[in-house]
$ cat start11.cif   # mmCIF, C-alpha atoms
data_work
loop_
_atom_site.label_atom_id
_atom_site.label_comp_id
_atom_site.auth_asym_id
_atom_site.auth_seq_id
_atom_site.Cartn_x
_atom_site.Cartn_y
_atom_site.Cartn_z
CA MET B 1382 174.50 2.20 87.34
CA LYS B 1383 177.59 4.04 88.58
CA ARG B 1384 177.90 7.74 87.83
CA ARG B 1385 180.57 10.38 87.94
CA ALA B 1386 180.71 13.98 86.73
CA GLN B 1387 183.53 16.50 86.42
CA PRO B 1388 183.72 20.02 84.99
CA TRP B 1389 185.59 20.05 81.66
CA LEU B 1390 185.26 21.81 78.30
CA GLY B 1391 183.22 24.59 79.88
CA THR B 1392 180.44 22.26 80.94
CA LEU B 1393 179.78 19.24 83.12
CA VAL B 1394 180.93 15.95 81.64
CA LYS B 1395 178.85 13.08 83.00
CA ILE B 1396 179.80 9.43 82.68
CA SER B 1397 177.63 6.50 83.70
CA ILE B 1398 178.73 2.87 83.70
CA GLY B 1399 176.22 0.04 83.86
CA ASP B 1400 178.21 -3.15 84.02
CA ALA B 1401 181.32 -2.87 86.16
CA ASP B 1402 182.19 -3.62 89.76
CA ASP B 1403 183.56 -0.85 91.98
CA VAL B 1404 187.22 -1.52 91.28
CA LEU B 1405 186.87 -1.76 87.51
CA ALA B 1406 184.53 1.25 87.41
CA ALA B 1407 186.92 3.43 89.44
CA ALA B 1408 189.77 2.71 87.03
CA ALA B 1409 187.51 3.13 83.99
CA PHE B 1410 186.13 6.49 85.18
CA SER B 1411 189.60 7.76 85.88
CA ALA B 1412 190.97 6.74 82.47
CA ALA B 1413 187.94 8.14 80.61
CA PHE B 1414 188.07 11.51 82.40
CA GLN B 1415 191.78 11.70 81.57
CA GLN B 1416 190.87 11.54 77.88
CA VAL B 1417 188.34 14.35 78.33
CA GLU B 1418 190.97 16.38 80.17
CA LEU B 1419 193.38 15.77 77.29
CA VAL B 1420 190.92 17.21 74.74
CA HIS B 1421 190.25 20.13 77.08
CA ARG B 1422 193.98 20.83 77.33
CA LEU B 1423 194.69 20.51 73.59
CA MET B 1424 191.66 22.27 72.12
CA SER B 1425 190.76 25.00 74.58
CA PHE B 1426 190.35 28.41 72.93
CA HIS B 1427 191.01 30.07 76.28
CA ALA B 1428 194.41 28.52 77.04
CA ALA B 1429 197.28 30.18 75.18
CA ASP B 1430 199.42 27.03 75.43
CA SER B 1431 196.79 24.69 73.92
CA ASP B 1432 197.27 23.50 70.35
CA LEU B 1433 194.42 25.79 69.35
CA GLY B 1434 195.96 28.74 71.20
CA ARG B 1435 199.27 28.18 69.39
CA ILE B 1436 197.53 27.89 66.01
CA ASN B 1437 195.62 31.12 66.59
CA ARG B 1438 198.73 33.04 67.61
CA ALA B 1439 200.87 31.75 64.73
CA PRO B 1440 201.34 34.10 61.77
CA ALA B 1441 199.75 33.21 58.42
CA GLY B 1442 202.04 30.97 56.37
CA SER B 1443 203.67 29.23 59.32
CA MET B 1444 203.68 25.49 60.06
CA VAL B 1445 202.39 24.45 63.49
CA ASP B 1446 203.12 21.05 65.09
CA ILE B 1447 199.92 19.69 66.60
CA ASP B 1448 198.92 16.64 68.60
CA PRO B 1449 197.43 13.73 66.59
CA HIS B 1450 194.10 14.26 68.43
CA THR B 1451 193.94 17.91 67.35
CA TYR B 1452 194.88 16.79 63.86
CA THR B 1453 192.00 14.30 63.78
CA VAL B 1454 189.48 16.91 64.91
CA LEU B 1455 190.71 19.51 62.41
CA GLN B 1456 190.58 16.91 59.65
CA ALA B 1457 186.95 16.08 60.50
CA ALA B 1458 186.16 19.79 60.72
CA MET B 1459 187.57 20.28 57.21
CA GLN B 1460 185.45 17.40 55.90
CA VAL B 1461 182.25 18.83 57.37
CA THR B 1462 183.14 22.33 56.17
CA ALA B 1463 183.65 20.98 52.63
CA ALA B 1464 180.53 18.79 52.68
CA SER B 1465 178.35 21.65 53.96
CA ALA B 1466 179.78 24.33 51.63
CA GLY B 1467 181.00 26.22 54.67
CA LEU B 1468 177.83 26.22 56.79
CA PHE B 1469 180.01 24.69 59.52
CA ASP B 1470 183.32 26.53 59.78
CA PRO B 1471 185.71 26.64 62.76
CA ARG B 1472 186.83 30.08 61.55
CA VAL B 1473 183.73 31.56 63.18
CA ALA B 1474 185.97 32.08 66.25
CA GLY B 1475 186.53 35.62 64.96
CA ARG B 1476 182.83 36.39 65.09
CA LEU B 1477 182.50 34.92 68.59
CA VAL B 1478 185.36 37.12 69.78
CA GLU B 1479 183.71 40.20 68.21
CA TRP B 1480 180.55 39.39 70.15
CA ASP B 1481 182.43 38.74 73.42
CA MET B 1482 181.41 35.08 73.35
CA LEU B 1483 185.12 34.18 73.37
CA PRO B 1484 187.96 36.17 74.95
CA HIS B 1485 190.13 38.44 72.83
CA SER B 1486 193.73 37.38 73.08
CA GLY B 1487 196.71 37.20 70.78
CA PRO B 1488 197.18 38.97 67.47
CA ALA B 1489 194.83 41.37 65.70
CA LEU B 1490 191.52 39.90 64.71
CA PRO B 1491 190.94 39.73 60.94
CA ALA B 1492 187.47 40.54 59.59
CA TYR B 1493 185.36 37.45 58.90
CA GLN B 1494 185.33 36.46 55.24
CA PRO B 1495 183.11 33.51 54.39
CA GLN B 1496 184.48 30.64 52.33
CA ARG B 1497 188.15 31.18 52.95
CA ALA B 1498 190.60 28.38 53.62
CA ALA B 1499 192.27 29.02 56.94
CA PHE B 1500 194.58 26.03 57.10
CA SER B 1501 195.76 22.86 55.43
CA LEU B 1502 197.01 19.63 56.99
CA ASN B 1503 200.18 18.12 55.59
CA GLY B 1504 199.59 14.47 56.46
CA GLU B 1505 202.53 14.50 58.89
CA GLY B 1506 200.95 15.97 61.98
CA GLN B 1507 201.43 19.58 60.99
CA LEU B 1508 199.04 22.37 60.19
CA GLN B 1509 199.91 25.09 57.73
CA LYS B 1510 198.20 28.33 58.49
CA LEU B 1511 196.92 29.85 55.24
CA SER B 1512 195.20 32.95 56.63
CA ALA B 1513 195.23 34.95 59.83
CA ASP B 1514 191.75 33.68 60.75
CA TRP B 1515 191.26 32.34 64.26
CA LEU B 1516 189.78 28.91 64.78
CA ASP B 1517 187.40 27.65 67.44
CA LEU B 1518 186.71 23.96 67.94
CA GLY B 1519 183.86 24.53 70.40
CA GLY B 1520 181.44 23.11 67.85
CA ILE B 1521 183.17 19.76 67.44
CA ALA B 1522 185.71 19.07 70.23
CA LYS B 1523 183.13 18.18 72.89
CA GLY B 1524 181.86 15.46 70.58
CA TYR B 1525 185.39 14.18 70.06
CA ALA B 1526 186.00 14.14 73.81
CA VAL B 1527 182.88 12.00 74.21
CA ASP B 1528 184.16 9.58 71.54
CA LEU B 1529 187.57 9.29 73.23
CA ALA B 1530 185.95 8.71 76.62
CA ILE B 1531 183.74 5.96 75.16
CA LEU B 1532 186.77 4.33 73.52
CA SER B 1533 188.63 4.49 76.82
CA LEU B 1534 185.71 2.89 78.69
CA GLN B 1535 185.62 0.08 76.12
CA GLN B 1536 189.35 -0.44 76.50
CA SER B 1537 188.83 -0.68 80.26
CA GLY B 1538 186.37 -3.53 79.67
CA VAL B 1539 183.13 -1.55 80.09
CA ARG B 1540 180.30 -2.58 77.76
CA GLN B 1541 177.34 -0.53 79.02
CA ALA B 1542 177.91 3.20 79.38
CA CYS B 1543 176.88 6.74 78.52
CA VAL B 1544 179.11 9.80 78.25
CA ASN B 1545 177.37 13.19 78.15
CA ALA B 1546 179.40 16.39 77.65
CA GLY B 1547 176.84 19.16 78.07
CA GLY B 1548 174.26 17.56 75.81
CA ASP B 1549 176.65 15.95 73.32
CA LEU B 1550 176.46 12.30 74.24
CA ARG B 1551 177.06 8.74 73.19
CA VAL B 1552 175.78 5.44 74.55
CA ILE B 1553 177.15 1.92 74.23
CA GLY B 1554 175.65 -1.35 75.35
CA ASP B 1555 172.82 -3.80 74.89
CA SER B 1556 170.12 -1.79 76.65
CA PRO B 1557 168.79 1.46 75.23
CA CYS B 1558 169.36 4.67 77.15
CA GLU B 1559 166.63 7.23 77.78
CA ILE B 1560 167.47 10.76 76.64
CA LEU B 1561 165.39 13.88 77.27
CA LEU B 1562 165.53 16.84 74.89
CA ARG B 1563 165.00 20.34 76.19
CA ASP B 1564 162.16 22.42 74.80
CA PRO B 1565 163.84 25.30 72.90
CA ALA B 1566 160.91 27.60 73.69
CA SER B 1567 161.36 26.97 77.43
CA PRO B 1568 164.58 25.06 78.07
CA ASP B 1569 163.69 24.32 81.68
CA ASN B 1570 161.07 21.97 80.27
CA MET B 1571 161.70 18.71 78.48
CA ALA B 1572 160.07 18.49 75.05
CA TYR B 1573 160.88 14.97 73.97
CA LYS B 1574 162.10 11.68 75.22
CA LEU B 1575 164.05 9.41 72.93
CA SER B 1576 165.73 6.11 73.24
CA LEU B 1577 169.30 5.68 72.09
CA GLN B 1578 171.40 2.57 71.65
CA ASN B 1579 175.00 2.30 70.41
CA GLN B 1580 174.76 5.75 68.94
CA ALA B 1581 175.80 9.33 69.45
CA LEU B 1582 173.48 12.28 69.75
CA ALA B 1583 174.34 15.97 69.85
CA THR B 1584 172.02 18.93 70.27
CA SER B 1585 172.61 22.58 69.44
CA ALA B 1586 170.36 25.53 70.19
CA SER B 1587 170.87 29.17 71.00
CA TYR B 1588 168.61 29.43 74.08
CA PHE B 1589 171.45 29.44 76.61
CA SER B 1590 173.87 31.67 74.72
CA LEU B 1591 171.42 34.17 73.15
CA ARG B 1592 172.22 37.75 74.13
CA ARG B 1593 170.28 40.81 73.04
CA THR B 1594 172.06 44.16 73.26
CA GLU B 1595 171.44 47.61 71.79
CA GLN B 1596 173.95 46.75 69.06
CA GLY B 1597 172.15 43.58 68.07
CA SER B 1598 171.46 39.98 69.02
CA TYR B 1599 174.15 37.35 69.28
CA SER B 1600 174.48 33.67 70.01
CA ALA B 1601 177.30 31.16 70.26
CA LEU B 1602 176.08 29.52 67.04
CA VAL B 1603 177.31 31.10 63.81
CA ASN B 1604 176.31 30.41 60.21
CA GLY B 1605 179.69 29.85 58.57
CA GLN B 1606 178.47 30.94 55.13
CA THR B 1607 177.22 34.33 56.26
CA GLY B 1608 179.06 34.90 59.54
CA GLU B 1609 175.70 35.80 61.10
CA PRO B 1610 174.53 34.49 64.50
CA MET B 1611 171.83 31.82 64.50
CA LEU B 1612 169.00 33.14 66.65
CA ASP B 1613 165.99 30.96 65.84
CA ALA B 1614 164.28 29.45 68.87
CA VAL B 1615 164.74 25.93 67.59
CA SER B 1616 166.76 22.99 68.75
CA VAL B 1617 168.64 20.69 66.40
CA SER B 1618 169.60 17.16 67.40
CA VAL B 1619 171.70 14.88 65.23
CA THR B 1620 172.38 11.18 65.68
CA ALA B 1621 175.48 9.64 64.15
CA GLU B 1622 178.00 6.89 64.77
CA SER B 1623 180.49 9.32 66.28
CA CYS B 1624 179.66 12.16 68.62
CA MET B 1625 182.26 14.35 66.89
CA LEU B 1626 180.30 14.23 63.63
CA ALA B 1627 176.93 14.55 65.38
CA ASP B 1628 178.26 17.65 67.16
CA ALA B 1629 179.54 19.35 63.98
CA LEU B 1630 176.49 18.40 61.92
CA THR B 1631 174.04 20.09 64.30
CA LYS B 1632 175.51 23.40 63.07
CA VAL B 1633 174.92 22.42 59.42
CA VAL B 1634 171.28 21.58 60.10
CA MET B 1635 170.80 24.70 62.23
CA ALA B 1636 172.29 26.97 59.55
CA SER B 1637 170.40 25.37 56.67
CA GLY B 1638 167.15 24.76 58.56
CA ASP B 1639 167.09 21.49 56.67
CA ALA B 1640 166.61 18.33 58.74
CA LYS B 1641 167.39 16.33 55.60
CA HIS B 1642 170.47 18.25 54.50
CA PRO B 1643 172.44 16.07 52.01
CA CYS B 1644 175.48 16.34 54.25
CA LEU B 1645 173.75 14.12 56.84
CA ALA B 1646 173.45 11.08 54.57
CA GLN B 1647 177.10 11.43 53.61
CA PHE B 1648 178.05 10.91 57.25
CA GLY B 1649 175.31 8.35 58.05
CA ALA B 1650 173.56 10.85 60.31
CA HIS B 1651 169.94 11.81 61.05
CA ALA B 1652 168.52 15.06 62.34
CA LEU B 1653 165.58 16.24 64.37
CA ILE B 1654 164.49 19.88 64.56
CA ILE B 1655 162.21 20.94 67.40
CA MET J 151 184.92 7.90 59.75
CA MET J 152 182.27 8.35 57.08
CA LYS J 153 180.26 5.23 57.73
CA THR J 154 177.03 5.24 55.80
CA HIS J 155 175.20 2.15 57.00
CA ALA J 156 171.75 2.55 58.44
CA VAL J 157 171.34 3.90 61.93
CA ALA J 158 168.57 2.56 64.14
CA PRO J 159 165.46 4.74 63.99
CA LEU J 160 164.76 6.86 67.01
CA LEU J 161 161.93 6.08 69.32
CA LEU J 162 160.38 9.47 69.88
CA VAL J 163 157.78 10.14 72.53
CA SER J 164 156.30 13.53 73.32
CA LEU J 165 156.32 14.38 76.99
CA ALA J 166 153.18 16.52 76.90
CA GLY J 167 151.72 16.75 80.34
CA ALA J 168 154.93 16.34 82.32
CA SER J 169 154.87 19.91 83.51
CA SER J 170 156.82 20.13 86.70
CA ALA J 171 159.42 17.91 88.22
CA ALA J 172 163.10 17.82 89.05
CA PHE J 173 166.10 15.69 88.46
CA ALA J 174 168.34 14.88 91.33
CA THR J 175 171.39 12.88 90.40
CA GLN J 176 173.68 11.78 93.17
CA TYR J 177 177.13 11.12 91.72
CA LEU J 178 179.16 10.54 94.84
CA THR J 179 178.60 10.72 98.57
CA VAL J 180 181.21 12.71 100.48
CA GLU J 181 182.84 9.44 101.54
CA GLN J 182 182.95 8.15 97.96
CA ALA J 183 184.42 11.46 96.78
CA GLN J 184 187.12 11.20 99.43
CA LYS J 185 188.11 7.78 98.08
CA ALA J 186 187.87 8.91 94.44
CA ILE J 187 190.15 11.90 95.03
CA PHE J 188 192.63 10.35 97.49
CA PRO J 189 192.37 6.56 96.99
CA GLU J 190 195.61 6.03 98.89
CA ALA J 191 194.38 7.80 102.05
CA THR J 192 193.88 5.88 105.27
CA ALA J 193 192.12 8.64 107.22
CA PHE J 194 190.09 11.81 106.57
CA LYS J 195 189.86 14.38 109.34
CA PRO J 196 186.97 16.86 109.07
CA ALA J 197 187.46 20.55 109.80
CA THR J 198 185.56 23.77 109.29
CA LEU J 199 187.81 26.41 107.81
CA GLN J 200 186.91 29.67 109.50
CA LEU J 201 188.28 32.72 107.71
CA THR J 202 189.08 36.08 109.25
CA LEU J 203 188.02 39.23 107.43
CA GLU J 204 191.62 39.74 106.34
CA GLN J 205 191.84 36.20 104.98
CA MET J 206 188.60 36.71 103.07
CA GLN J 207 190.01 39.86 101.50
CA GLN J 208 193.22 38.00 100.52
CA MET J 209 191.12 35.24 99.01
CA GLU J 210 189.02 37.71 97.01
CA LYS J 211 192.15 39.34 95.68
CA LEU J 212 193.64 36.01 94.58
CA ALA J 213 190.46 34.64 93.03
CA GLY J 214 189.15 37.89 91.61
CA LEU J 215 185.77 36.82 92.95
CA PRO J 216 183.71 37.60 96.07
CA ALA J 217 184.74 35.29 98.93
CA ARG J 218 181.05 34.47 99.49
CA SER J 219 181.50 32.62 102.76
CA ALA J 220 183.66 32.79 105.87
CA ALA J 221 183.20 29.13 106.79
CA TRP J 222 184.05 26.18 104.59
CA ARG J 223 183.60 22.46 105.19
CA SER J 224 186.78 20.51 104.56
CA PHE J 225 188.71 17.32 105.21
CA SER J 226 192.41 16.66 105.54
CA ALA J 227 193.49 13.41 103.86
CA PHE J 228 196.20 11.34 105.51
CA LYS J 229 198.10 8.21 104.67
CA ASP J 230 199.09 7.15 108.16
CA ASP J 231 200.79 10.31 109.50
CA LYS J 232 201.52 11.84 106.13
CA LEU J 233 199.31 14.67 104.90
CA LEU J 234 198.20 13.92 101.32
CA GLY J 235 196.04 16.97 100.83
CA TYR J 236 192.62 18.45 101.40
CA ILE J 237 189.07 18.26 100.19
CA VAL J 238 186.83 21.33 100.32
CA LEU J 239 183.07 21.05 99.79
CA ASP J 240 180.88 23.67 98.17
CA ASP J 241 177.68 24.12 96.24
CA VAL J 242 176.66 26.58 93.56
CA ILE J 243 173.40 27.69 91.97
CA GLY J 244 173.32 27.98 88.20
CA LYS J 245 170.72 29.09 85.72
CA PHE J 246 168.32 26.50 87.07
CA GLU J 247 170.51 23.89 88.63
CA LEU J 248 172.01 23.31 92.04
CA ILE J 249 175.39 21.61 92.06
CA SER J 250 177.31 20.23 95.03
CA TYR J 251 180.95 19.44 94.42
CA ALA J 252 184.22 18.56 96.10
CA VAL J 253 187.63 20.01 95.28
CA GLY J 254 190.69 17.92 96.08
CA LEU J 255 193.86 19.93 96.71
CA LEU J 256 197.47 18.96 97.30
CA PRO J 257 199.35 20.35 100.33
CA ASP J 258 200.88 23.04 98.05
CA ALA J 259 197.29 24.26 97.37
CA SER J 260 197.22 23.11 93.73
CA VAL J 261 193.98 21.52 92.54
CA ARG J 262 194.24 17.75 92.17
CA GLN J 263 190.72 16.80 91.16
CA VAL J 264 187.18 18.13 91.07
CA GLU J 265 184.24 15.78 91.54
CA ILE J 266 180.56 16.63 91.26
CA LEU J 267 178.68 15.18 94.23
CA SER J 268 175.15 15.94 93.13
CA TYR J 269 173.30 17.76 90.40
CA ARG J 270 169.74 18.90 90.87
CA GLU J 271 167.76 20.55 88.14
CA SER J 272 164.19 21.66 88.43
CA HIS J 273 161.82 21.69 85.49
CA GLY J 274 158.54 23.36 84.80
CA PHE J 275 156.87 26.43 86.26
CA GLU J 276 158.22 25.88 89.76
CA ILE J 277 161.60 27.06 88.59
CA ARG J 278 160.21 30.54 88.04
CA SER J 279 159.30 31.11 91.69
CA ALA J 280 161.68 33.43 93.51
CA ASN J 281 162.90 31.10 96.23
CA TRP J 282 163.12 28.02 94.06
CA ARG J 283 165.96 26.60 96.03
CA GLN J 284 163.46 25.96 98.79
CA GLN J 285 161.80 23.50 96.44
CA PHE J 286 164.57 21.09 97.21
CA VAL J 287 164.54 21.37 100.94
CA GLY J 288 162.98 18.42 102.69
CA LYS J 289 162.14 16.66 99.46
CA THR J 290 163.55 13.32 98.53
CA ALA J 291 163.27 11.12 95.47
CA ALA J 292 160.55 9.23 97.33
CA SER J 293 158.38 12.34 97.56
CA GLY J 294 157.90 12.53 93.82
CA LEU J 295 160.70 14.93 93.06
CA SER J 296 161.90 13.10 90.01
CA ILE J 297 160.67 11.99 86.59
CA GLY J 298 161.11 8.25 86.34
CA ASN J 299 164.32 7.38 88.11
CA GLY J 300 165.35 11.02 87.85
CA ILE J 301 168.66 10.30 86.23
CA ALA J 302 167.89 10.36 82.53
CA ASN J 303 170.44 12.11 80.38
CA ILE J 304 169.47 15.49 79.06
CA SER J 305 170.52 16.72 75.64
CA GLY J 306 170.26 20.36 74.70
CA ALA J 307 172.32 23.47 74.15
CA THR J 308 175.41 23.30 76.32
CA LEU J 309 174.77 24.67 79.77
CA SER J 310 177.91 26.48 80.83
CA CYS J 311 179.42 25.55 84.19
CA THR J 312 181.13 28.89 84.78
CA HIS J 313 179.71 28.93 88.31
CA VAL J 314 181.50 25.64 89.09
CA THR J 315 184.79 26.76 87.55
CA ASP J 316 184.52 30.08 89.43
CA GLY J 317 183.82 28.08 92.59
CA VAL J 318 186.93 25.95 92.02
CA ARG J 319 188.99 29.12 91.52
CA ARG J 320 187.61 30.52 94.77
CA ILE J 321 188.51 27.32 96.64
CA ALA J 322 192.00 27.28 95.11
CA ALA J 323 192.45 30.82 96.49
CA LEU J 324 191.06 29.71 99.85
CA ALA J 325 193.64 26.93 99.92
CA GLN J 326 196.44 29.38 99.12
CA VAL J 327 195.38 31.59 102.02
CA VAL J 328 194.59 29.09 104.77
CA LEU J 329 195.80 25.60 103.82
CA LYS J 330 199.08 25.92 101.93
CA LYS J 331 201.99 24.25 103.69
#
$ encode --input "start11.cif" --output "structure tokens"
Amino acid sequence: MKRRAQPWLGTLVKISIGDADDVLAAAAFSAAFQQVELVHRLMSFHAADSDLGRINRAPAGSMVDIDPHTYTVLQAAMQVTAASAGLFDPRVAGRLVEWDMLPHSGPALPAYQPQRAAFSLNGEGQLQKLSADWLDLGGIAKGYAVDLAILSLQQSGVRQACVNAGGDLRVIGDSPCEILLRDPASPDNMAYKLSLQNQALATSASYFSLRRTEQGSYSALVNGQTGEPMLDAVSVSVTAESCMLADALTKVVMASGDAKHPCLAQFGAHALII
Amino acid sequence: MMKTHAVAPLLLVSLAGASSAAFATQYLTVEQAQKAIFPEATAFKPATLQLTLEQMQQMEKLAGLPARSAAWRSFSAFKDDKLLGYIVLDDVIGKFELISYAVGLLPDASVRQVEILSYRESHGFEIRSANWRQQFVGKTAASGLSIGNGIANISGATLSCTHVTDGVRRIAALAQVVLKK
């Protein structure tokens, strides 16, 4: 097994390849990390010149040209938002900025209003901004980066691999891969071991981002219907065909507390709450 | 995108009883990192970058972070006589992980590539002891440091790598101050 790791998307992205010689693996790692870098560059909330940065700075009503990758992720985000009646909503960026979980930059921050359409996609690679709401793709883009990296590895001729972007991961190949899940009550311990094959798995929990202040308690996970932080000491893992969907769906399960939320079946996904 | 066919059931095993252990994943040796960052290089010359107090202050100003160390382990990468760039080595301690990494820089001090060399994470009660870093010293995989092969993937809430990105920023400032041609 050959392994590489690089810091991207605010976390460590780890890639392991099981079936390639040194030369093939070196080229495959390089191409796969380039895809992760691309997602980082396009969908970073922090970079003003990313697609997301340009969308957030654009005035309501304007059309914004975006990269096809950003388009794909926003389209999937819209689908999950619709299927979950807004439990997952990239507009929660505004709340994360209020709580200092994301940096404040750009225009004035509108108050969070649940169930509002922030944008539409015109089918020609453009986004129309319908409200001044800011978007954050932190809850879905890591999963998409994993999917792109897996696709890139396959295109390089790799058949056995795992890509793990800070807990959002996907494995391909004939042999199952062993995955450990952190215990949400004490995340330095492992609670479960599971075996994954040709599948994606994403986990969300608030144990690393939870912050208690005199003003209140906050986490990086936001219930899109209420705009309130999700603070329960539980961990939600979702398996799906694509890591992008697994990633987004963890937020639906976390917000609903329902490991059998109807949204899961719609996307061919399964959930586990610890 | 919305495929609905059945997904293989998960094999779920509780890990009750596995109370204290650590993962130590070696991604690249220093030599492998050199080749990964500068594959075209024909020679790597080691050097310790020793900073003066003034240089450390310059570096802190550029990075907006404490300089942390006055001595840094580095390599200059050459293709024959031509300088391709530099590699600077560092390690950082996170919430409960210890990460060693290499930063590849071009002669103009811009960052070319960052590679993680090793990632060590301790689990269980040992992590709570004050000098937990000592846990790693003198231990090897053979001394029972790891669960299984020690390289299983972990899924959980995303662990931020701010300490690595800060470290890269610090090294980029270091390169501006002492390496830039």
$ resolve_selection --input "start11.cif" --expression "the PyMOL selection byres ((chain B) within 7 of (chain J))" --output "ChimeraX atom specification"
/B:1384-1387,1391-1393,1547-1549,1559-1563,1569-1570,1572-1577,1583-1587,1589,1646-1649
$ closest_residue --input "start11.cif" --among "J:Phe228, J:Phe194, J:Trp222, J:Phe188" --to "Arg262 (chain J)" --atoms "all atoms listed in the file"
J:Phe188
$ atom_distance --input "start11.cif" --atom1 "CA of Leu1419 (chain B)" --atom2 "CA of Leu1532 (chain B)"
13.7 Å
$ resolve_selection --input "start11.cif" --expression "the PyMOL selection byres ((chain B and resi 1635) around 10)" --output "PyMOL selection string"
chain B and resi 1468-1469+1584-1587+1602-1604+1611-1613+1615-1618+1630-1634+1636-1640+1652+1654
$ residues_around --input "start11.cif" --residues "Leu324 (chain J)" --least-positions-apart "3" --cutoff "6 Å" --atoms "only C-alpha atoms" --output "VMD selection string"
chain J and resid 209 321 327
